[in-house]
Amino acid sequence: MAAAAHLGSHEHEDHHHHGPPEANRSSRVDPATLGMMLFIISEIMVFGAFFTAYFFIRVVGGAEWPAEGDHLPKLIAGFNTAILVSSSFTLHYAQEAIRKDNRRGLQLGMLVTFLLGATFLFIQINEYVHVGFSPQDHAQGTIFYGLTGLHGAHVTIGLVLLLFVVIRSFRGHYSSQSHLGMEVPGIYWHFVDVMWIVVYLTVYII
Amino acid sequence: MGLEERSLAQTGPRPERPHARADWKQMLGIGIVASILGVVAGLLIDWFPIAASNEAKPIDTLWDVLIIASVPVFVGVCVVVLFSVIKFRMRDGEEELDGPPIHGNTRLEVIWTAIPAILLVGLCTYAFIVLEDVEKAQANTMEVRVVGEQFAWTFFYPNPDGSGEEIAATRGELYLPVNQPIKFNLQAKDVLHDFWVPAFRMKKDAVPGMTVSYRVTPNRIGRYPIVCAELCGLGHATMRATAVVVSREDFDAWLEEQANPPEPTPAAGGGGGSGAAADGKQLFTANCASCHTLSDAGANGTTGPNLDETLPGQDAAAIRTSIAEPSVEIVDGYTNIMPNDYEQRLGAEGVDALAEYLAEVTKEG
Amino acid sequence: MTARLRAPGLTRAGLFLVLGTLFCAAIIVAVREAYGYPVFADGGIVPKAQNAILLLSLLIAPLWFLVGLGAFDYWFYWAAGKRTRPEDHSGHGATSWKDYFRVNTDHKVIGIQYVVTSFFFMLIGGLLAMLVRAELAAPGSQFVDANAFNGLFSVHASLMIFLFIIPVFAGLANYVLPLMIGAPDMAFPRLNALSFWMLPIAGVMMTASFFAPGGSFSTGWTAYAPLSTSAPIGQMFFTIGVQFAGASSIATALNFLVTIITMRAPGMSFWRMPLLVWANFSTSLLVVIATPFIAASQFFVLFDYALGFNFFRPERDGDILMYQHVFWFYSHPAVYIMMLPGFGIISEVLAVKARKPIFGYRMMAFSLLAIVLLGFTVWAHHMFVSGMQDWIRIPMMVTTAIIAVPTGIKIFSWLATLWKGVLHMDTPMLWALGFITMFTLGGISGVVLAMVPMDIYVSDTYFIVAHIHYVLYGGSLFTIYAGVYYWFPKMTGRMFDERLGKIHFWMTFVSFNATFGPMHLVGVKGMPRRVADYAEEFAAWNLFISLSSFVLGLSTLVFIYNMVASWRGGRRASANPWRALTLEWQVTSPPPVFNFDRIPTVVGGPYEYGVPGHVHGIMEPAEEARPKQAAGASSAEEGV
Ligand code: HEA
Ligand code: HEA
Ligand code: CUA
Ligand SMILES: [Cu+2]
């Protein structure tokens, strides 16, 4: 949101004299990008708190993992990981495309990214249905759903941001000169992907 | 445009301020005298409650050391502030005057970084030694299991016959033999509690799901309050008990008595009546026994009224109100600490069952 | 009427609030239908449908409210790729009091909204404290029952912390920080407005908890599990209220950081920033990194409470102490979140009122950063008696004690700033000096607490309550008073009544010490905290404390009267009544709508009082200012 707050003002330079004087730029970093970076730090800490819970339950408390009689679908989740990671590449493709003013490439790249993300979410929900234990059963279940669910929520937020970019790209926004509005949500999406790799490794693999 | 043209610039030679000649030696002198007075005052105050364990001494001494180390810091800061205010405050005619542009002094800054650092490391070291001292394991320790629940303590002693079976003391009194090292093993049934005997100086939380322990060696015969020091709900303030430190012989006699209690009197009413009553009894034992005495359920809590005595003569509806809305009518001599959310927690049927059960077992006659 | 319902504003927000609640009710009814639970009888995970509806509404309805208010309008247009409204006068400035009741993107309006709102909640919190003291005036039960008592101090502390100290600092900085660094506004004005509007939501939620079935939340401001996961529904007003306060605080911190990094005026290098800016920079780092932890801790509670999760159920492998670790990993840094901005204010006030440069400017900035770093390494000093592993206590004791070193550097540097200055003993200065002494006392009792064996004895007693109030009242609140008096002329264009200001100070100073000083005594004597009833031996002191606290309450009213009366009818303030150098004083009082017609240029340090011919900022753009750069101006660099 921080990012979005800033983006609009770029596209309306013509109204300038009604508004405040242009602020001095005391840093080379773009404000929206910086805001997104700081927001991601906050997000990492949210995950940090959930990982703390995981650490206490599994390591300090020494609970069996996964709980007796439960199985985690490592393979399907691994496949799902591949889907999510590849969406980072398609996103990158879209970004490269608009740098060269290739609108078709942008639209295609964004659409595929969005669909890959949605597929990931769908498979994740499907996994919840079939995994065979619930968060109410035991603390292992709680933190399994806690971590993957927290990540799922972030995928959802990311998808909403991507959806905006998709809409705007079909409405003719963005150009090689001005594409901050897709770069910034892009940073977020990459973060969501990287975070998933960490979650996958700790929850399913280790 | 409404803007000031530029910042004010200060110029011109600085006039002398004869009244503001600062003598830091004078200030140091005042500071030292004031600190000594402060430390003496701090040491004269009778801070602590009575001390009744070996652990109290080192901790009380640590307190004195902390007073000696920290009062001068506070007094020093105050003296500098007051001295500056008196010496340097603006007089008439100095409205436009500025102070000398002193930006810093590296030597001074090193000093006031180093001295507190050394002082603090010293204090930490000493505190560490005290901690080791009060927590070290002793030979032939007696272990007492302390169980906290809303809002009462129960104490379990090892059986002297070596059978491994524990002896429970339920009357809110913790008996301890004097000069016997004790290890308390704290447990909690519902939420966090904290087992604290101020006279022993030590405390720790009782945490559901784990056993936390600490040691003390009581060294003074007498009765001392036990306080629950962790917020545990409505009755937190009333979760008190008494630690009774007695001689070895008295303790052994007491333990003997606990191990072989006199025959319990047979239950008054019919316990196994209707389904609701059986249900009610279960609910009662789980929720109410810690505060109320009721012979039919074998409950002997003392926080709330003794229901064997107060309920006969009341009908189920009246009892129901007492449970669902305990604050409507407060029994004389008690405060309003009975939880008022049982209707939420147990549901309407639960409260009904309780009321029926209570009405049945306390029926007169 | 329909027009008013359609235009963004409080009316539409009210309508949306109702719609949002209905929406939540519909969801719950639908879900309960789907799972086959009876809709209006007991059963299901949250046993009562009305509780489930209440809970969901607490989470969701405020968002509807914000949408109704218009806080998201811009983003909705942006997201749909439509034309957005440009940033211009329409969202800026306040011409009537009504402008304070809508989404306004002007940092000066938001600053005032923040300050006034948080003082409003301070009065409520203070009133609750008065009730606490009334109950404690004598042993036994006076006015309230145990449940209400626990609710009183819990809501008292939560309002004071989350709705007063933290946001009031954000509000003051919101007003003066952009001015100080020569920026026309904050980096993200709309996010700024959103941050503000989340506050009243949190505050109203916490206050309204008294009307919840089963009473308000009553587990202290720390809300330890599992007490909080098994409490009546009022607990959720805290759990969810904190989420809004926390989100607000993170958003503001992010805004400050970006503003400070990217929007400083030409010439305003990091080493020329006023220390208030440094202080808010450090605080914002703390907020961005630490606040997510309290959000998570309250999510855990929410999940355990509402959905039957097992974070804190030991019989199912949950871990109760984990709550405390996560909670204090935020809440210890939070105490510095509540102190560092105050350090910044004191540096501003002292330099100006002593007419001297801040002594050791760079060390002042470094010590802030040192506190930020160390602040993350001490959380478990709140858990010395919690039953956690014994070995953690020693490193935590050492790091905790070491924090006194950078703090000491600050105290000593302020003292050295006073030395040989020309001290203007007016109201802001009195508060600043009061702060230095009282905070030192509070800090020292903190060091006593850091010593593990000592803490084992005094933890959870009134000694802690004394520490809390010496650092939070004598520390944070004194700096807030200093700051409010200091910037009052700038923010309102009026001078406050100096005589009333002095009365306020002395009355507070004396009754503050009479209230909280004796708490050290009764604490060490063995009186536990958070109790409605206590042993007979403490009766005399408690009566004395209660009477003093009522005087303390009255002294607050003197302040409120002074502020209200002076705002309405005080003498007009000139642009720079204190002869200060920093940029906010170089524009009119109150400042023009966009702060500066042209961005000023900074040519020297902010505190060069007594340096002949010194200038900090020039009210001209860089190109024109450069030739005029004064000769003595660069002394700030060698200054330290
Ligand atoms: C503004 C808020 C604030 C601040 C700044 C502090 C600052 C400090 N606090 Fe405090 N603290 C609280 C707010 C704050 N605290 C609150 C609200 C609680 C209770 C929470 C609850 O349970 O409800 C608490 C509880 C608390 C505890 C837990 C007690 C317990 O529950 O058992 C401890 C223990 O170590 C502690 C220590 C410290 C220390 C060492 C500092 C240090 O940062 C202080 C450093 C400052 C100085 C020391 C003074 C100036 C220095 C000098 C003049 C230099 C020379 C000094 C020496 C050599 C001593 N605090
Ligand atoms: C910034 C934080 C802050 C501030 C400013 C205060 C201010 C005050 N606090 Fe509080 N307090 C805390 C933070 C704060 N407190 C915290 C964190 C706790 C721990 C809670 C916990 O255990 O979880 C606590 C706990 C606490 C307790 C311990 C409760 C207990 O453990 O049982 C007490 C008891 O005396 C107390 C008293 C007071 C008083 C008298 C004031 C006074 O200074 C208030 C003065 C202000 C006013 C009174 C408002 C203005 C006046 C009016 C609105 C008019 C009405 C009044 C009259 C006509 C007289 N506080
Ligand atoms: Cu048990 Cu407080
Ligand atoms: Cu702390």
# chains A, B, ... in the order shown; residues from 1 in each chain; ligands from 1
>>> residues_near_ligand(ligand="ligand 1", cutoff="6 Å", atoms="only C-alpha atoms and all ligand atoms", output="count of residues only")
34
>>> interface_residues(of="chain A", to="chain C", cutoff="8 Å", atoms="only C-alpha atoms", output="short mmCIF file (atom, residue, chain, number, x, y, z; two decimals) with N, CA, C and O atoms, in the first residue's frame")
data_model
loop_
_atom_site.label_atom_id
_atom_site.label_comp_id
_atom_site.auth_asym_id
_atom_site.auth_seq_id
_atom_site.Cartn_x
_atom_site.Cartn_y
_atom_site.Cartn_z
N MET A 1 0.83 -1.21 0.00
CA MET A 1 0.00 0.00 0.00
C MET A 1 0.86 1.25 0.00
O MET A 1 0.56 2.24 -0.64
N ALA A 2 1.94 1.16 0.74
CA ALA A 2 2.84 2.28 0.81
C ALA A 2 3.27 2.64 -0.59
O ALA A 2 3.33 3.80 -0.98
N ALA A 4 1.78 1.95 -3.40
CA ALA A 4 0.68 2.47 -4.22
C ALA A 4 0.44 3.94 -3.92
O ALA A 4 0.14 4.73 -4.80
N ALA A 5 0.59 4.30 -2.66
CA ALA A 5 0.32 5.67 -2.27
C ALA A 5 1.13 6.63 -3.09
O ALA A 5 0.67 7.71 -3.44
N HIS A 6 2.31 6.23 -3.41
CA HIS A 6 3.20 7.16 -4.05
C HIS A 6 3.02 7.21 -5.55
O HIS A 6 3.22 8.23 -6.18
N GLY A 8 0.73 7.24 -7.81
CA GLY A 8 -0.17 8.10 -8.55
C GLY A 8 0.44 9.43 -8.90
O GLY A 8 0.28 9.93 -10.01
N SER A 9 1.15 9.99 -7.98
CA SER A 9 1.60 11.36 -8.19
C SER A 9 2.51 11.48 -9.41
O SER A 9 2.63 12.54 -9.99
N HIS A 12 0.70 12.47 -12.82
CA HIS A 12 -0.09 13.70 -12.93
C HIS A 12 0.77 14.92 -12.75
O HIS A 12 0.43 15.85 -12.06
N HIS A 15 -0.57 18.69 -13.05
CA HIS A 15 -1.32 19.46 -12.06
C HIS A 15 -0.39 20.15 -11.08
O HIS A 15 -0.83 20.69 -10.09
N HIS A 18 -0.75 23.39 -8.53
CA HIS A 18 -1.72 23.46 -7.44
C HIS A 18 -1.16 22.85 -6.17
O HIS A 18 -1.64 23.08 -5.10
N GLY A 19 -0.22 21.95 -6.34
CA GLY A 19 0.24 21.13 -5.23
C GLY A 19 1.43 21.73 -4.53
O GLY A 19 1.82 22.87 -4.77
N PRO A 20 1.97 20.96 -3.63
CA PRO A 20 3.14 21.42 -2.88
C PRO A 20 4.34 21.56 -3.81
O PRO A 20 4.36 21.00 -4.90
N PRO A 21 5.33 22.31 -3.37
CA PRO A 21 6.55 22.39 -4.18
C PRO A 21 7.18 21.01 -4.27
O PRO A 21 7.06 20.22 -3.34
N GLU A 22 7.80 20.72 -5.37
CA GLU A 22 8.45 19.43 -5.53
C GLU A 22 9.49 19.27 -4.42
O GLU A 22 10.31 20.14 -4.19
N ALA A 23 9.44 18.14 -3.73
CA ALA A 23 10.40 17.93 -2.64
C ALA A 23 11.78 17.68 -3.22
O ALA A 23 11.91 17.18 -4.34
N ASN A 24 12.78 18.03 -2.46
CA ASN A 24 14.13 17.71 -2.88
C ASN A 24 14.33 16.21 -2.77
O ASN A 24 13.87 15.58 -1.83
N ARG A 25 15.04 15.62 -3.73
CA ARG A 25 15.33 14.19 -3.64
C ARG A 25 16.69 14.01 -3.00
O ARG A 25 17.72 14.27 -3.60
N SER A 26 16.70 13.58 -1.75
CA SER A 26 17.97 13.50 -1.06
C SER A 26 18.56 12.10 -1.12
O SER A 26 19.53 11.80 -0.46
N SER A 27 17.93 11.23 -1.91
CA SER A 27 18.47 9.88 -2.02
C SER A 27 18.21 9.40 -3.43
O SER A 27 17.22 9.77 -4.05
N ARG A 28 19.10 8.55 -3.93
CA ARG A 28 18.89 8.02 -5.27
C ARG A 28 17.78 6.98 -5.26
O ARG A 28 17.18 6.70 -6.28
N VAL A 29 17.50 6.39 -4.11
CA VAL A 29 16.49 5.34 -4.04
C VAL A 29 15.11 5.96 -4.26
O VAL A 29 14.81 7.03 -3.75
N ASP A 30 14.31 5.26 -5.03
CA ASP A 30 12.96 5.75 -5.25
C ASP A 30 12.11 5.51 -4.00
O ASP A 30 12.18 4.45 -3.38
N PRO A 31 11.29 6.50 -3.60
CA PRO A 31 10.53 6.36 -2.35
C PRO A 31 9.64 5.13 -2.33
O PRO A 31 9.56 4.44 -1.31
N LEU A 34 11.73 2.04 -1.79
CA LEU A 34 12.22 2.02 -0.42
C LEU A 34 11.10 1.63 0.54
O LEU A 34 11.29 0.80 1.44
N GLY A 35 9.92 2.23 0.32
CA GLY A 35 8.79 1.90 1.18
C GLY A 35 8.49 0.42 1.12
O GLY A 35 8.27 -0.23 2.14
N LEU A 38 11.05 -1.58 3.10
CA LEU A 38 10.83 -1.51 4.56
C LEU A 38 9.64 -2.35 4.96
O LEU A 38 9.64 -3.04 5.97
N PHE A 39 8.61 -2.30 4.10
CA PHE A 39 7.42 -3.10 4.39
C PHE A 39 7.78 -4.57 4.41
O PHE A 39 7.33 -5.34 5.25
N ILE A 41 10.62 -5.80 5.21
CA ILE A 41 11.31 -6.09 6.49
C ILE A 41 10.27 -6.43 7.56
O ILE A 41 10.41 -7.40 8.30
N SER A 42 9.23 -5.61 7.62
CA SER A 42 8.16 -5.89 8.57
C SER A 42 7.56 -7.27 8.35
O SER A 42 7.32 -8.03 9.29
N GLU A 43 7.33 -7.58 7.08
CA GLU A 43 6.73 -8.87 6.74
C GLU A 43 7.64 -10.01 7.17
O GLU A 43 7.19 -11.03 7.68
N MET A 45 9.56 -10.01 9.59
CA MET A 45 9.45 -10.17 11.04
C MET A 45 8.17 -10.89 11.43
O MET A 45 8.14 -11.63 12.40
N VAL A 46 7.08 -10.65 10.68
CA VAL A 46 5.87 -11.41 10.97
C VAL A 46 6.14 -12.90 10.81
O VAL A 46 5.83 -13.72 11.68
N GLY A 48 9.00 -14.18 11.00
CA GLY A 48 9.93 -14.49 12.07
C GLY A 48 9.20 -14.91 13.33
O GLY A 48 9.58 -15.88 14.00
N ALA A 49 8.12 -14.21 13.65
CA ALA A 49 7.38 -14.56 14.86
C ALA A 49 6.74 -15.94 14.72
O ALA A 49 6.75 -16.73 15.65
N PHE A 50 6.23 -16.23 13.53
CA PHE A 50 5.63 -17.56 13.34
C PHE A 50 6.72 -18.64 13.37
O PHE A 50 6.50 -19.73 13.90
N THR A 52 9.33 -18.41 15.14
CA THR A 52 9.65 -18.55 16.57
C THR A 52 8.70 -19.55 17.21
O THR A 52 9.13 -20.43 17.96
N ALA A 53 7.42 -19.42 16.89
CA ALA A 53 6.45 -20.37 17.44
C ALA A 53 6.81 -21.78 17.00
O ALA A 53 6.81 -22.73 17.81
N PHE A 56 9.76 -23.00 18.96
CA PHE A 56 9.44 -23.38 20.35
C PHE A 56 8.70 -24.71 20.40
O PHE A 56 8.96 -25.55 21.26
N ILE A 57 7.78 -24.90 19.47
CA ILE A 57 6.99 -26.12 19.52
C ILE A 57 7.84 -27.32 19.13
O ILE A 57 7.83 -28.35 19.80
N GLY A 61 10.23 -27.45 22.66
CA GLY A 61 9.29 -28.39 23.26
C GLY A 61 9.57 -29.83 22.85
O GLY A 61 9.06 -30.77 23.45
N ALA A 63 8.58 -31.54 20.25
CA ALA A 63 7.45 -32.31 19.74
C ALA A 63 7.86 -33.10 18.49
O ALA A 63 8.68 -32.64 17.70
N PRO A 135 -5.70 -27.95 12.38
CA PRO A 135 -4.96 -27.15 13.36
C PRO A 135 -5.46 -27.37 14.78
O PRO A 135 -4.74 -27.09 15.73
N GLN A 136 -6.68 -27.88 14.92
CA GLN A 136 -7.22 -28.09 16.26
C GLN A 136 -6.68 -29.37 16.89
O GLN A 136 -6.81 -29.57 18.08
N ASP A 137 -6.06 -30.24 16.07
CA ASP A 137 -5.64 -31.54 16.59
C ASP A 137 -4.49 -31.44 17.57
O ASP A 137 -4.50 -32.04 18.63
N HIS A 138 -3.46 -30.71 17.19
CA HIS A 138 -2.28 -30.62 18.03
C HIS A 138 -1.47 -29.40 17.60
O HIS A 138 -1.73 -28.81 16.55
N ALA A 139 -0.47 -29.05 18.41
CA ALA A 139 0.30 -27.86 18.11
C ALA A 139 1.06 -27.96 16.80
O ALA A 139 1.27 -26.97 16.11
N GLN A 140 1.46 -29.20 16.45
CA GLN A 140 2.14 -29.35 15.15
C GLN A 140 1.21 -28.92 14.03
O GLN A 140 1.62 -28.23 13.09
N THR A 142 -1.27 -26.92 14.33
CA THR A 142 -1.47 -25.48 14.45
C THR A 142 -0.38 -24.72 13.71
O THR A 142 -0.66 -23.82 12.91
N ILE A 143 0.86 -25.10 13.94
CA ILE A 143 1.93 -24.29 13.36
C ILE A 143 2.10 -24.62 11.88
O ILE A 143 2.47 -23.76 11.08
N PHE A 164 -4.19 -6.01 -10.06
CA PHE A 164 -4.22 -4.58 -10.42
C PHE A 164 -3.29 -4.32 -11.60
O PHE A 164 -3.63 -3.62 -12.55
N VAL A 165 -2.10 -4.91 -11.51
CA VAL A 165 -1.14 -4.67 -12.58
C VAL A 165 -1.67 -5.22 -13.90
O VAL A 165 -1.55 -4.57 -14.95
N ILE A 167 -4.81 -5.59 -14.78
CA ILE A 167 -5.85 -4.68 -15.27
C ILE A 167 -5.23 -3.45 -15.90
O ILE A 167 -5.56 -3.05 -17.02
N ARG A 168 -4.29 -2.87 -15.18
CA ARG A 168 -3.71 -1.63 -15.68
C ARG A 168 -2.92 -1.87 -16.96
O ARG A 168 -2.90 -1.02 -17.85
N ARG A 171 -5.19 -1.82 -19.69
CA ARG A 171 -5.77 -0.51 -19.93
C ARG A 171 -4.75 0.46 -20.50
O ARG A 171 -4.98 1.67 -20.54
N HIS A 173 -1.66 1.24 -19.34
CA HIS A 173 -0.69 1.92 -18.48
C HIS A 173 0.70 1.33 -18.70
O HIS A 173 0.85 0.32 -19.37
#
>>> residues_near_ligand(ligand="ligand 4", cutoff="8 Å", atoms="only C-alpha atoms and all ligand atoms", output="number ranges by chain")
C: 328, 331-333, 335, 378-382
>>> closest_atom_pairs(of="chain C", to="ligand 3", cutoff="10 Å", atoms="only C-alpha atoms and all ligand atoms", output="tab-separated table")
residue	atom	partner	partner_atom_place_in_ligand_line	distance
C:Pro528	CA	ligand 3	2 (Cu)	9.7
C:Arg530	CA	ligand 3	2 (Cu)	8.9
C:Val531	CA	ligand 3	2 (Cu)	8.8
>>> residues_near_ligand(ligand="ligand 2", cutoff="6 Å", atoms="only C-alpha atoms and all ligand atoms", output="PyMOL selection string")
chain C and resi 123-124+126-127+129-130+132-133+153-154+157+160-161+165+220-222+465+469+472-473+529-531+549-550+552-554+556-557
>>> residues_around(residues="Pro232 of chain C", least_positions_apart="5", cutoff="12 Å", atoms="only C-alpha atoms", output="PyMOL selection string")
(chain B and resi 233-234+339-345) or (chain C and resi 46-48+51+55+147+151+209-219+227+237-238+305-306)
>>> select_by_dssp(residues="segment 133-335 of chain B", states="strand (DSSP E)", output="VMD selection string")
chain B and resid 142 to 149 152 to 158 166 to 169 173 to 177 182 to 188 193 to 196 203 to 206 212 to 216 222 to 228 240 to 246 293 to 294 299 to 300
>>> residues_around(residues="Met27 of chain B", least_positions_apart="2", cutoff="8 Å", atoms="only C-alpha atoms", output="list in words")
Asp23, Trp24, Lys25, Gly29, Ile30, Gly31, Val79, Val80 and Phe83 of chain B
>>> residues_around(residues="Thr113 of chain A", least_positions_apart="2", cutoff="6 Å", atoms="only C-alpha atoms", output="number ranges by chain")
A: 87, 90-91, 110-111, 115-116
>>> write_last_selection(atoms="C-alpha atoms", output="mmCIF file, in the first residue's frame")
data_model
loop_
_atom_site.group_PDB
_atom_site.id
_atom_site.type_symbol
_atom_site.label_atom_id
_atom_site.label_comp_id
_atom_site.auth_asym_id
_atom_site.auth_seq_id
_atom_site.Cartn_x
_atom_site.Cartn_y
_atom_site.Cartn_z
ATOM 1 C CA SER A 87 6.054 -17.439 -11.609
ATOM 2 C CA THR A 90 7.497 -15.064 -15.855
ATOM 3 C CA LEU A 91 7.194 -11.893 -13.801
ATOM 4 C CA MET A 110 1.631 -10.689 -16.075
ATOM 5 C CA LEU A 111 -1.289 -12.919 -16.960
ATOM 6 C CA LEU A 115 -2.383 -17.718 -13.188
ATOM 7 C CA LEU A 116 0.628 -19.553 -11.798
#
>>> residues_around(residues="segment 112-115 of chain B", least_positions_apart="2", cutoff="8 Å", atoms="only C-alpha atoms", output="count of residues only")
11
>>> residues_around(residues="segment 138-142 of chain C", least_positions_apart="2", cutoff="12 Å", atoms="only C-alpha atoms", output="MDAnalysis selection string")
(chainID B and resid 237:238 330 333:337) or (chainID C and resid 131:136 144:149 527 531:547)
>>> select_by_dssp(residues="segment 2-184 of chain A", states="alpha helix (DSSP H)", output="number ranges by chain")
A: 2-10, 31-55, 74-99, 103-130, 139-170, 180-184
>>> closest_residue(among="C:Leu415, C:Ala223, C:Leu423, C:Leu59", to="Ala20 of chain B", atoms="only C-alpha atoms")
C:Leu423
